[in-house]
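Note: the block below is query18.cif and it holds mmCIF, C-alpha atoms.
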```cif
data_data
#
loop_
_atom_site.label_atom_id
_atom_site.label_comp_id
_atom_site.auth_asym_id
_atom_site.auth_seq_id
_atom_site.Cartn_x
_atom_site.Cartn_y
_atom_site.Cartn_z
CA GLN A 271 73.01 69.99 106.91
CA VAL A 272 70.08 72.41 106.98
CA GLN A 273 67.90 72.40 103.88
CA LEU A 274 64.95 74.60 103.03
CA VAL A 275 62.57 73.78 100.19
CA GLU A 276 59.98 76.36 99.15
CA SER A 277 56.83 75.76 97.16
CA GLY A 278 53.58 77.48 96.29
CA GLY A 279 54.66 80.34 94.08
CA GLY A 280 52.99 81.14 90.79
CA LEU A 281 51.04 83.64 88.74
CA VAL A 282 47.96 85.28 90.22
CA GLN A 283 45.79 88.27 89.39
CA ALA A 284 45.77 91.33 91.59
CA GLY A 285 43.47 90.78 94.55
CA GLY A 286 44.11 87.06 94.56
CA SER A 287 45.79 84.82 97.12
CA LEU A 288 48.68 82.41 97.32
CA ARG A 289 50.16 80.32 100.10
CA LEU A 290 53.86 79.67 100.20
CA SER A 291 55.35 76.74 102.10
CA CYS A 292 58.88 76.10 103.27
CA ALA A 293 59.86 72.67 104.52
CA ALA A 294 62.99 72.54 106.67
CA SER A 295 65.26 69.66 107.54
CA GLY A 296 68.50 69.19 109.38
CA SER A 297 67.77 71.24 112.48
CA ARG A 298 65.47 71.29 115.51
CA PHE A 299 62.79 73.18 113.67
CA SER A 300 60.68 74.25 116.63
CA LEU A 301 63.59 76.15 118.16
CA ASN A 302 64.52 78.12 115.06
CA ALA A 303 63.40 81.54 113.98
CA MET A 304 61.94 81.46 110.48
CA GLY A 305 61.19 84.14 107.97
CA TRP A 306 60.20 85.11 104.47
CA TYR A 307 62.08 87.64 102.40
CA ARG A 308 61.58 88.78 98.83
CA GLN A 309 63.62 90.31 96.05
CA ALA A 310 62.13 92.11 93.10
CA PRO A 311 64.12 92.72 89.90
CA GLY A 312 66.66 95.48 90.39
CA LYS A 313 65.94 95.77 94.11
CA GLN A 314 67.56 94.54 97.29
CA ARG A 315 66.20 91.59 99.21
CA GLU A 316 63.77 92.77 101.84
CA LEU A 317 62.10 91.29 104.89
CA VAL A 318 58.48 90.24 104.49
CA ALA A 319 57.68 88.47 107.76
CA THR A 320 59.34 86.54 110.57
CA ILE A 321 58.18 84.16 113.28
CA ASN A 322 60.23 83.06 116.25
CA SER A 323 60.20 79.91 118.35
CA GLY A 324 57.55 81.45 120.59
CA ASP A 325 55.31 82.23 117.61
CA SER A 326 55.85 85.97 117.85
CA THR A 327 55.55 87.53 114.42
CA ASN A 328 56.85 90.59 112.66
CA TYR A 329 55.76 92.05 109.32
CA ALA A 330 56.94 94.63 106.87
CA ASP A 331 54.59 97.59 106.81
CA SER A 332 53.83 96.94 103.15
CA VAL A 333 52.25 93.55 103.89
CA LYS A 334 50.61 94.10 107.28
CA GLY A 335 46.97 93.08 107.23
CA ARG A 336 47.41 91.13 103.98
CA PHE A 337 50.04 88.48 104.71
CA THR A 338 50.17 85.98 107.56
CA ILE A 339 53.17 83.91 108.59
CA SER A 340 52.65 80.70 110.53
CA ARG A 341 54.49 77.51 111.38
CA ASP A 342 53.65 73.86 111.92
CA ASN A 343 56.37 72.34 114.08
CA ASN A 344 54.99 68.84 113.54
CA LYS A 345 55.60 69.23 109.81
CA ASN A 346 58.79 71.31 110.09
CA THR A 347 57.13 73.82 107.80
CA VAL A 348 56.60 77.55 107.77
CA TYR A 349 53.87 79.16 105.68
CA LEU A 350 53.15 82.55 104.21
CA GLN A 351 49.51 83.18 103.41
CA MET A 352 49.30 86.09 101.00
CA ASN A 353 45.94 87.76 100.40
CA SER A 354 44.89 90.84 98.45
CA LEU A 355 48.00 90.55 96.34
CA LYS A 356 49.23 93.58 94.45
CA PRO A 357 51.48 93.85 91.38
CA GLU A 358 54.17 95.34 93.64
CA ASP A 359 54.27 92.04 95.54
CA THR A 360 55.86 90.46 92.46
CA ALA A 361 59.24 89.05 93.48
CA VAL A 362 61.20 85.93 94.23
CA TYR A 363 60.30 84.88 97.76
CA TYR A 364 62.94 83.25 99.93
CA CYS A 365 62.53 81.22 103.08
CA ASN A 366 65.01 81.99 105.85
CA LEU A 367 66.06 80.05 108.94
CA VAL A 368 68.18 81.28 111.84
CA GLN A 369 69.49 78.24 113.65
CA TRP A 370 68.84 78.31 117.36
CA SER A 371 72.20 76.85 118.45
CA THR A 372 74.67 78.64 116.17
CA HIS A 373 72.66 81.62 114.86
CA ALA A 374 73.77 80.57 111.39
CA VAL A 375 71.47 81.80 108.63
CA TYR A 376 70.17 79.56 105.88
CA TRP A 377 68.20 80.35 102.72
CA GLY A 378 65.94 78.41 100.43
CA GLN A 379 66.27 78.46 96.66
CA GLY A 380 63.41 80.92 96.20
CA THR A 381 60.00 80.72 94.58
CA GLN A 382 58.64 83.19 92.04
CA VAL A 383 55.45 85.09 92.77
CA THR A 384 54.01 87.14 89.93
CA VAL A 385 50.95 89.32 90.39
CA SER A 386 49.33 90.63 87.23
CA SER A 387 47.30 93.82 87.13
#
```

Output the file's structure in the form of structure tokens.
Amino acid sequence: QVQLVESGGGLVQAGGSLRLSCAASGSRFSLNAMGWYRQAPGKQRELVATINSGDSTNYADSVKGRFTISRDNNKNTVYLQMNSLKPEDTAVYYCNLVQWSTHAVYWGQGTQVTVSS
């Protein structure tokens, strides 16, 4: 049973920083692709960043240069460092795992990020 537990969300002023964490269990973490997605009120869930088992990363254009995704395979954790936050970054952020063996997709419960202007 794969489980993802996110933490690190909160309220921050524009220009500030937050770091999100997602701890995974129930799968061989180092082999899985991981990602962060977000969903703002009234909008569809959108990709923020992904990192694969080889540490290759991909970012949405809107966060390039401001956000950094990373992983610690010893801790079974993926991180999202968010700098220079903007009010439009306000959303619920979800951790995502694509299991290496089955390609099944799993989601965390989400963590709220609110950026005030």

>> Since I can't run it myself right now, could you work out what the PyMOL selection byres ((chain A and resi 319-324) around 8) selects here and report it as a list in words?
In response: Ser300, Leu301, Asn302, Ala303, Met304, Gly305, Trp306, Tyr307, Leu317, Val318, Asp325, Ser326, Thr327, Asn328, Tyr329, Ala330, Thr338, Ile339, Ser340 and Arg341 of chain A

> Looking at A:Ser332, A:Asn366, A:Asn344, A:Ser297, which one is nearest to Glu276 (chain A), with distances taken over all atoms listed in the file?
Replying inline: A:Asn366

> When the PyMOL selection byres ((chain A and resi 349) around 7) is applied to the file above, which residues end up in the set, as a list in words?
Replying inline: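 After applying the PyMOL selection byres ((chain A and resi 349) around 7), what remains is Arg289, Leu290, Ser291, Cys292, Ile339, Ser340, Arg341, Thr347, Val348, Leu350 and Gln351 of chain A.
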
What would the file look like if the residues just selected were written as a compact mmCIF listing (two decimals), in the frame of the given file with C-alpha atoms?
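Output contents, as saved in part-v2.txt:
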```
# COMPACT_ATOMS: atom_id res chain seq x y z
CA ARG A 289 50.16 80.32 100.10
CA LEU A 290 53.86 79.67 100.20
CA SER A 291 55.35 76.74 102.10
CA CYS A 292 58.88 76.10 103.27
CA ILE A 339 53.17 83.91 108.59
CA SER A 340 52.65 80.70 110.53
CA ARG A 341 54.49 77.51 111.38
CA THR A 347 57.13 73.82 107.80
CA VAL A 348 56.60 77.55 107.77
CA LEU A 350 53.15 82.55 104.21
CA GLN A 351 49.51 83.18 103.41
```

>> Let me make sure I understand: among A:His373, A:Lys334, A:Lys313, A:Arg298, which one has the smallest atom-to-atom distance to Leu355 (chain A) if we use all atoms listed in the file?
In response: A:Lys334

>> I'd like the interatomic distance between CA of Glu358 (chain A) and CA of Ala294 (chain A), to a tenth of an Å.
In response: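 The value is 27.7 Å.
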
>> Residues proximal to (47.4, 93.1, 92.6) were defined as those with any atom within 12 Å of that point in the file's coordinates, counting all atoms listed in the file. Which are they, as a ChimeraX atom specification?
In response: /A:281-288,336,352-360,383-387

> In terms of the shortest atom-to-atom distance over all atoms listed in the file, which of A:Leu367, A:Val333, A:Ala374, A:Ala361 is closest to Gly280 (chain A)?
Replying inline: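 Looking at the shortest contact to Gly280 (chain A), the residue is A:Ala361.
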